[in-house]
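What follows is the content of run.pdb, which has PDB, C-alpha atoms:
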```
ATOM      1  CA  MET A   2    -101.867  81.172-134.362  1.00  0.00           C
ATOM      2  CA  ALA A   3    -103.468  80.889-130.930  1.00  0.00           C
ATOM      3  CA  GLN A   4    -101.140  79.979-128.072  1.00  0.00           C
ATOM      4  CA  PRO A   5    -102.120  76.720-126.312  1.00  0.00           C
ATOM      5  CA  VAL A   6    -102.755  76.201-122.615  1.00  0.00           C
ATOM      6  CA  VAL A   7    -100.187  73.567-121.639  1.00  0.00           C
ATOM      7  CA  HIS A   8    -100.396  73.449-117.835  1.00  0.00           C
ATOM      8  CA  LEU A   9    -102.917  74.176-115.086  1.00  0.00           C
ATOM      9  CA  GLU A  10    -101.583  74.919-111.621  1.00  0.00           C
ATOM     10  CA  LEU A  11    -103.704  75.061-108.483  1.00  0.00           C
ATOM     11  CA  HIS A  12    -102.567  77.449-105.737  1.00  0.00           C
ATOM     12  CA  THR A  13    -104.084  76.358-102.418  1.00  0.00           C
ATOM     13  CA  PRO A  14    -103.339  76.343 -98.678  1.00  0.00           C
ATOM     14  CA  ASP A  15    -104.259  72.591 -98.578  1.00  0.00           C
ATOM     15  CA  ARG A  16    -102.190  70.674-101.139  1.00  0.00           C
ATOM     16  CA  ALA A  17    -102.904  67.221 -99.672  1.00  0.00           C
ATOM     17  CA  GLY A  18    -106.650  67.847 -99.476  1.00  0.00           C
ATOM     18  CA  ALA A  19    -106.791  69.226-103.007  1.00  0.00           C
ATOM     19  CA  CYS A  20    -104.834  66.283-104.434  1.00  0.00           C
ATOM     20  CA  ALA A  21    -107.055  63.777-102.653  1.00  0.00           C
ATOM     21  CA  PHE A  22    -110.204  65.541-103.892  1.00  0.00           C
ATOM     22  CA  TYR A  23    -109.150  65.676-107.564  1.00  0.00           C
ATOM     23  CA  ALA A  24    -107.843  62.098-107.458  1.00  0.00           C
ATOM     24  CA  ALA A  25    -111.205  60.876-106.136  1.00  0.00           C
ATOM     25  CA  LEU A  26    -113.320  63.117-108.374  1.00  0.00           C
ATOM     26  CA  CYS A  27    -111.410  63.028-111.677  1.00  0.00           C
ATOM     27  CA  GLY A  28    -108.987  60.129-111.326  1.00  0.00           C
ATOM     28  CA  TRP A  29    -105.974  62.465-111.579  1.00  0.00           C
ATOM     29  CA  ARG A  30    -102.904  60.744-110.142  1.00  0.00           C
ATOM     30  CA  PRO A  31    -100.815  62.915-107.809  1.00  0.00           C
ATOM     31  CA  GLN A  32     -97.049  62.499-107.918  1.00  0.00           C
ATOM     32  CA  GLU A  33     -94.596  64.457-105.784  1.00  0.00           C
ATOM     33  CA  ILE A  34     -91.553  65.899-107.524  1.00  0.00           C
ATOM     34  CA  ALA A  35     -89.342  67.748-105.018  1.00  0.00           C
ATOM     35  CA  SER A  36     -91.694  70.234-103.310  1.00  0.00           C
ATOM     36  CA  TYR A  37     -94.092  70.242-106.282  1.00  0.00           C
ATOM     37  CA  GLN A  38     -97.124  68.003-106.646  1.00  0.00           C
ATOM     38  CA  THR A  39     -98.000  67.057-110.227  1.00  0.00           C
ATOM     39  CA  LEU A  40    -101.427  65.839-111.276  1.00  0.00           C
ATOM     40  CA  GLU A  41    -101.390  63.349-114.143  1.00  0.00           C
ATOM     41  CA  SER A  42    -104.676  63.741-115.996  1.00  0.00           C
ATOM     42  CA  GLY A  43    -103.967  61.590-119.032  1.00  0.00           C
ATOM     43  CA  SER A  44    -104.327  64.554-121.400  1.00  0.00           C
ATOM     44  CA  SER A  45    -101.888  66.809-123.221  1.00  0.00           C
ATOM     45  CA  VAL A  46    -102.412  69.494-120.555  1.00  0.00           C
ATOM     46  CA  SER A  47    -100.304  68.831-117.469  1.00  0.00           C
ATOM     47  CA  GLY A  48    -101.281  69.889-113.975  1.00  0.00           C
ATOM     48  CA  GLY A  49     -99.783  70.676-110.624  1.00  0.00           C
ATOM     49  CA  VAL A  50    -100.582  71.849-107.112  1.00  0.00           C
ATOM     50  CA  VAL A  51     -98.650  74.437-105.113  1.00  0.00           C
ATOM     51  CA  GLU A  52     -99.274  74.909-101.409  1.00  0.00           C
ATOM     52  CA  CYS A  53     -99.140  78.597-100.590  1.00  0.00           C
ATOM     53  CA  SER A  54    -100.980  81.180 -98.539  1.00  0.00           C
ATOM     54  CA  VAL A  55    -103.707  82.516-100.793  1.00  0.00           C
ATOM     55  CA  GLU A  56    -106.980  84.169 -99.776  1.00  0.00           C
ATOM     56  CA  ARG A  57    -108.836  81.640-101.850  1.00  0.00           C
ATOM     57  CA  PRO A  58    -107.556  78.799-104.027  1.00  0.00           C
ATOM     58  CA  LEU A  59    -107.142  79.594-107.715  1.00  0.00           C
ATOM     59  CA  TRP A  60    -106.260  77.800-110.928  1.00  0.00           C
ATOM     60  CA  LEU A  61    -103.466  79.425-112.934  1.00  0.00           C
ATOM     61  CA  PRO A  62    -103.350  78.521-116.643  1.00  0.00           C
ATOM     62  CA  TYR A  63     -99.927  78.398-118.319  1.00  0.00           C
ATOM     63  CA  VAL A  64     -99.856  79.393-121.987  1.00  0.00           C
ATOM     64  CA  GLU A  65     -96.901  78.307-124.118  1.00  0.00           C
ATOM     65  CA  VAL A  66     -95.281  81.207-125.962  1.00  0.00           C
ATOM     66  CA  PRO A  67     -92.325  81.450-128.364  1.00  0.00           C
ATOM     67  CA  SER A  68     -90.726  84.286-126.342  1.00  0.00           C
ATOM     68  CA  ILE A  69     -91.292  84.784-122.614  1.00  0.00           C
ATOM     69  CA  ASP A  70     -89.940  88.335-122.755  1.00  0.00           C
ATOM     70  CA  SER A  71     -92.128  89.364-125.703  1.00  0.00           C
ATOM     71  CA  ALA A  72     -95.284  87.873-124.183  1.00  0.00           C
ATOM     72  CA  THR A  73     -94.673  89.505-120.802  1.00  0.00           C
ATOM     73  CA  ASP A  74     -93.879  92.869-122.407  1.00  0.00           C
ATOM     74  CA  ARG A  75     -96.980  92.668-124.622  1.00  0.00           C
ATOM     75  CA  ALA A  76     -99.187  91.944-121.608  1.00  0.00           C
ATOM     76  CA  GLY A  77     -97.774  95.055-119.907  1.00  0.00           C
ATOM     77  CA  GLU A  78     -98.478  97.139-123.014  1.00  0.00           C
ATOM     78  CA  LEU A  79    -102.084  95.951-122.846  1.00  0.00           C
ATOM     79  CA  GLY A  80    -102.400  97.091-119.221  1.00  0.00           C
ATOM     80  CA  ALA A  81    -101.517  93.923-117.299  1.00  0.00           C
ATOM     81  CA  ARG A  82     -99.521  94.045-114.077  1.00  0.00           C
ATOM     82  CA  VAL A  83     -96.470  91.788-113.998  1.00  0.00           C
ATOM     83  CA  LEU A  84     -96.686  89.666-110.836  1.00  0.00           C
ATOM     84  CA  LEU A  85     -93.645  87.512-111.632  1.00  0.00           C
ATOM     85  CA  PRO A  86     -91.122  88.736-114.192  1.00  0.00           C
ATOM     86  CA  PRO A  87     -89.584  86.138-116.527  1.00  0.00           C
ATOM     87  CA  ARG A  88     -87.724  83.571-114.453  1.00  0.00           C
ATOM     88  CA  GLU A  89     -85.676  80.588-115.573  1.00  0.00           C
ATOM     89  CA  GLY A  90     -86.296  77.114-114.190  1.00  0.00           C
ATOM     90  CA  PRO A  91     -84.869  73.698-115.033  1.00  0.00           C
ATOM     91  CA  ALA A  92     -87.216  73.088-118.002  1.00  0.00           C
ATOM     92  CA  GLY A  93     -87.885  76.626-119.235  1.00  0.00           C
ATOM     93  CA  TRP A  94     -88.910  80.165-118.378  1.00  0.00           C
ATOM     94  CA  ARG A  95     -92.143  81.430-116.840  1.00  0.00           C
ATOM     95  CA  SER A  96     -93.794  84.705-115.910  1.00  0.00           C
ATOM     96  CA  VAL A  97     -97.165  85.623-114.390  1.00  0.00           C
ATOM     97  CA  VAL A  98     -99.330  88.631-115.151  1.00  0.00           C
ATOM     98  CA  SER A  99    -102.609  89.974-113.805  1.00  0.00           C
ATOM     99  CA  ALA A 100    -105.072  91.134-116.465  1.00  0.00           C
ATOM    100  CA  PRO A 101    -106.559  94.632-116.089  1.00  0.00           C
ATOM    101  CA  ALA A 102    -110.110  93.221-115.926  1.00  0.00           C
ATOM    102  CA  GLY A 103    -109.154  90.514-113.437  1.00  0.00           C
ATOM    103  CA  GLY A 104    -107.644  87.066-113.563  1.00  0.00           C
ATOM    104  CA  GLU A 105    -104.078  85.852-113.763  1.00  0.00           C
ATOM    105  CA  ILE A 106    -102.248  83.999-116.499  1.00  0.00           C
ATOM    106  CA  ALA A 107     -98.770  82.508-116.695  1.00  0.00           C
ATOM    107  CA  PHE A 108     -96.568  82.369-119.765  1.00  0.00           C
ATOM    108  CA  TRP A 109     -94.294  79.381-120.425  1.00  0.00           C
ATOM    109  CA  GLN A 110     -91.357  79.106-122.809  1.00  0.00           C
ATOM    110  CA  PRO A 111     -89.817  75.616-122.739  1.00  0.00           C
ATOM    111  CA  LYS A 112     -86.117  75.123-123.243  1.00  0.00           C
ATOM    112  CA  ALA A 113     -85.101  73.607-126.581  1.00  0.00           C
ATOM    113  CA  ARG A 114     -85.536  69.856-126.519  1.00  0.00           C
TER     114      ARG A 114
END
```
Mind turning the file's structure into structure tokens?
Amino acid sequence: MAQPVVHLELHTPDRAGACAFYAALCGWRPQEIASYQTLESGSSVSGGVVECSVERPLWLPYVEVPSIDSATDRAGELGARVLLPPREGPAGWRSVVSAPAGGEIAFWQPKAR
């Protein structure tokens, strides 16, 4: 079974500008939660914006997986570079890998509900 994309996260040096742009263009409602800015799109895929120093802004898709460790290990076996090893947060675990041919993808394993 294919693993679904469940979250899109924009990494940008201008969080306020990006939120204003996507709110005006797409009607996505920004909401600040701690130091994180969510974007409510009205769909099953959630969104967020992180302000950070990046050469150029990028969208990072989060794919839900049954095992964060297995997914991260499998990506490494296929030649990916692990940029962020599995890390626990309040709602689940995440990791980020860089594909050998380019592009980054995050894995997400939610905590049991």
Legend entry - Using only C-alpha atoms: which of A:Arg16, A:Arg88, A:Arg82, A:Arg95 has the shortest distance to Val50 (chain A): A:Arg16
Legend entry - Non-local contacts of Leu84 (chain A) (8 Å; all atoms listed in the file; under 4 positions in same chain excluded) as a ChimeraX atom specification: /A:96-99
Legend entry - Shell of 6 Å around region 45-49 of chain A, only C-alpha atoms, local chain residues under 5 positions omitted, as a ChimeraX atom specification: /A:7-10,38-40
Inset, instruction - With the file shown as input, list the residues that the PyMOL selection byres ((chain A and resi 60) around 6) selects, as an MDAnalysis selection string. - result: chainID A and resid 10:11 59 61
Inset, instruction - One decimal, Å: what's the distance from CA of Ser54 (chain A) over to CA of Asp70 (chain A), could you say? - result: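 The value is 27.6 Å.
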Shell of 12 Å around Ala72 (chain A), only C-alpha atoms, local chain residues under 4 positions omitted, as an mmCIF file with C-alpha atoms, in the coordinates of the input:
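As written to disk, part_18.cif reads:
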```cif
data_model
loop_
_atom_site.group_PDB
_atom_site.id
_atom_site.type_symbol
_atom_site.label_atom_id
_atom_site.label_comp_id
_atom_site.auth_asym_id
_atom_site.auth_seq_id
_atom_site.Cartn_x
_atom_site.Cartn_y
_atom_site.Cartn_z
ATOM 1 C CA GLN A 4 -101.140 79.979 -128.072
ATOM 2 C CA VAL A 64 -99.856 79.393 -121.987
ATOM 3 C CA GLU A 65 -96.901 78.307 -124.118
ATOM 4 C CA VAL A 66 -95.281 81.207 -125.962
ATOM 5 C CA PRO A 67 -92.325 81.450 -128.364
ATOM 6 C CA SER A 68 -90.726 84.286 -126.342
ATOM 7 C CA ALA A 76 -99.187 91.944 -121.608
ATOM 8 C CA GLY A 77 -97.774 95.055 -119.907
ATOM 9 C CA GLU A 78 -98.478 97.139 -123.014
ATOM 10 C CA LEU A 79 -102.084 95.951 -122.846
ATOM 11 C CA ALA A 81 -101.517 93.923 -117.299
ATOM 12 C CA VAL A 83 -96.470 91.788 -113.998
ATOM 13 C CA PRO A 86 -91.122 88.736 -114.192
ATOM 14 C CA PRO A 87 -89.584 86.138 -116.527
ATOM 15 C CA TRP A 94 -88.910 80.165 -118.378
ATOM 16 C CA ARG A 95 -92.143 81.430 -116.840
ATOM 17 C CA SER A 96 -93.794 84.705 -115.910
ATOM 18 C CA VAL A 97 -97.165 85.623 -114.390
ATOM 19 C CA VAL A 98 -99.330 88.631 -115.151
ATOM 20 C CA ILE A 106 -102.248 83.999 -116.499
ATOM 21 C CA ALA A 107 -98.770 82.508 -116.695
ATOM 22 C CA PHE A 108 -96.568 82.369 -119.765
ATOM 23 C CA TRP A 109 -94.294 79.381 -120.425
ATOM 24 C CA GLN A 110 -91.357 79.106 -122.809
#
```
Legend entry - Residue nearest Pro62 (chain A) among A:Glu89, A:Glu33, A:Glu41, A:Glu105 (counting all atoms listed in the file):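 Selected residue with least distance to Pro62 (chain A): A:Glu105.
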Inset, instruction - Output the residue selection produced by the PyMOL selection byres ((chain A and resi 92) around 8) on the file above, formatted as a PyMOL selection string. - result: chain A and resi 90-91+93-94+111-112
Restricting it to C-alpha atoms, dump the selection as a PDB file, in the coordinates of the input.
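Result written to out00.pdb:
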```
ATOM      1  CA  GLY A  90     -86.296  77.114-114.190  1.00  0.00           C
ATOM      2  CA  PRO A  91     -84.869  73.698-115.033  1.00  0.00           C
ATOM      3  CA  GLY A  93     -87.885  76.626-119.235  1.00  0.00           C
ATOM      4  CA  TRP A  94     -88.910  80.165-118.378  1.00  0.00           C
ATOM      5  CA  PRO A 111     -89.817  75.616-122.739  1.00  0.00           C
ATOM      6  CA  LYS A 112     -86.117  75.123-123.243  1.00  0.00           C
TER       7      LYS A 112
END
```
Inset, instruction - Pull out every residue that the PyMOL selection byres ((chain A and resi 58) around 7) matches in the shown coordinates and put them as a VMD selection string. - result: chain A and resid 11 to 13 55 to 57 59
I'd like the box whose edges run along x, y and z of the file and which contains every listed atom of region 7-18 of chain A, padded by 5 Å per side; could you state its centre and edge lengths in Å, one decimal, as AutoDock Vina command-line options?
```
--center_x -103.4 --center_y 72.3 --center_z -110.1 --size_x 16.5 --size_y 20.2 --size_z 33.1
```
Legend entry - CA of Ala24 (chain A) to CA of Glu52 (chain A), straight-line distance in Å: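 One can read the CA of Glu52 (chain A) to CA of Ala24 (chain A) distance as 16.6 Å.
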Legend entry - One-decimal distance in Å that lies between CA of Leu85 (chain A) and CA of Gly43 (chain A): 28.9 Å
Legend entry - Residue among A:Cys27, A:Ala100, A:Ile69, A:Ala17 lying closest to Val51 (chain A), counting all atoms listed in the file: A:Ala17
Starting from the incomplete input, reconstruct N, CA and C atoms of region 75-104 of chain A and write that as a tab-separated table (two decimals), in the coordinates of the input.
```tsv
chain	number	residue	atom	x	y	z
A	75	ARG	N	-95.72	92.39	-123.93
A	75	ARG	CA	-96.98	92.67	-124.62
A	75	ARG	C	-98.14	92.76	-123.62
A	76	ALA	N	-98.14	91.88	-122.64
A	76	ALA	CA	-99.19	91.94	-121.61
A	76	ALA	C	-99.13	93.29	-120.89
A	77	GLY	N	-97.93	93.75	-120.55
A	77	GLY	CA	-97.77	95.06	-119.91
A	77	GLY	C	-98.28	96.19	-120.78
A	78	GLU	N	-97.99	96.12	-122.07
A	78	GLU	CA	-98.48	97.14	-123.01
A	78	GLU	C	-100.00	97.18	-123.05
A	79	LEU	N	-100.62	96.03	-122.82
A	79	LEU	CA	-102.08	95.95	-122.85
A	79	LEU	C	-102.71	96.25	-121.48
A	80	GLY	N	-101.88	96.67	-120.51
A	80	GLY	CA	-102.40	97.09	-119.22
A	80	GLY	C	-102.28	96.08	-118.10
A	81	ALA	N	-101.68	94.93	-118.35
A	81	ALA	CA	-101.52	93.92	-117.30
A	81	ALA	C	-100.44	94.35	-116.32
A	82	ARG	N	-100.54	93.83	-115.11
A	82	ARG	CA	-99.52	94.04	-114.08
A	82	ARG	C	-98.68	92.78	-114.01
A	83	VAL	N	-97.36	92.94	-114.06
A	83	VAL	CA	-96.47	91.79	-114.00
A	83	VAL	C	-96.32	91.39	-112.53
A	84	LEU	N	-96.78	90.18	-112.20
A	84	LEU	CA	-96.69	89.67	-110.84
A	84	LEU	C	-95.38	88.90	-110.62
A	85	LEU	N	-94.91	88.24	-111.68
A	85	LEU	CA	-93.64	87.51	-111.63
A	85	LEU	C	-92.94	87.76	-112.96
A	86	PRO	N	-91.84	88.51	-112.94
A	86	PRO	CA	-91.12	88.74	-114.19
A	86	PRO	C	-90.53	87.43	-114.71
A	87	PRO	N	-90.14	87.37	-115.98
A	87	PRO	CA	-89.58	86.14	-116.53
A	87	PRO	C	-88.49	85.57	-115.62
A	88	ARG	N	-88.64	84.27	-115.36
A	88	ARG	CA	-87.72	83.57	-114.45
A	88	ARG	C	-87.39	82.21	-115.05
A	89	GLU	N	-86.12	81.86	-115.02
A	89	GLU	CA	-85.68	80.59	-115.57
A	89	GLU	C	-85.80	79.48	-114.54
A	90	GLY	N	-86.25	78.32	-115.00
A	90	GLY	CA	-86.30	77.11	-114.19
A	90	GLY	C	-85.59	76.00	-114.94
A	91	PRO	N	-85.59	74.80	-114.40
A	91	PRO	CA	-84.87	73.70	-115.03
A	91	PRO	C	-85.35	73.35	-116.45
A	92	ALA	N	-86.66	73.50	-116.71
A	92	ALA	CA	-87.22	73.09	-118.00
A	92	ALA	C	-87.58	74.25	-118.92
A	93	GLY	N	-87.51	75.49	-118.41
A	93	GLY	CA	-87.88	76.63	-119.24
A	93	GLY	C	-88.03	77.90	-118.42
A	94	TRP	N	-88.70	78.87	-119.02
A	94	TRP	CA	-88.91	80.17	-118.38
A	94	TRP	C	-90.40	80.38	-118.17
A	95	ARG	N	-90.74	81.11	-117.10
A	95	ARG	CA	-92.14	81.43	-116.84
A	95	ARG	C	-92.26	82.85	-116.33
A	96	SER	N	-93.44	83.41	-116.49
A	96	SER	CA	-93.79	84.70	-115.91
A	96	SER	C	-95.28	84.65	-115.61
A	97	VAL	N	-95.74	85.57	-114.76
A	97	VAL	CA	-97.16	85.62	-114.39
A	97	VAL	C	-97.61	87.07	-114.45
A	98	VAL	N	-98.77	87.28	-115.07
A	98	VAL	CA	-99.33	88.63	-115.15
A	98	VAL	C	-100.78	88.61	-114.66
A	99	SER	N	-101.23	89.78	-114.23
A	99	SER	CA	-102.61	89.97	-113.80
A	99	SER	C	-103.29	90.87	-114.84
A	100	ALA	N	-104.36	90.38	-115.43
A	100	ALA	CA	-105.07	91.13	-116.46
A	100	ALA	C	-105.77	92.34	-115.86
A	101	PRO	N	-105.91	93.43	-116.61
A	101	PRO	CA	-106.56	94.63	-116.09
A	101	PRO	C	-108.00	94.39	-115.63
A	102	ALA	N	-108.72	93.48	-116.28
A	102	ALA	CA	-110.11	93.22	-115.93
A	102	ALA	C	-110.25	92.10	-114.91
A	103	GLY	N	-109.12	91.58	-114.43
A	103	GLY	CA	-109.15	90.51	-113.44
A	103	GLY	C	-108.65	89.20	-114.02
A	104	GLY	N	-108.17	88.36	-113.15
A	104	GLY	CA	-107.64	87.07	-113.56
A	104	GLY	C	-106.14	87.12	-113.76
```
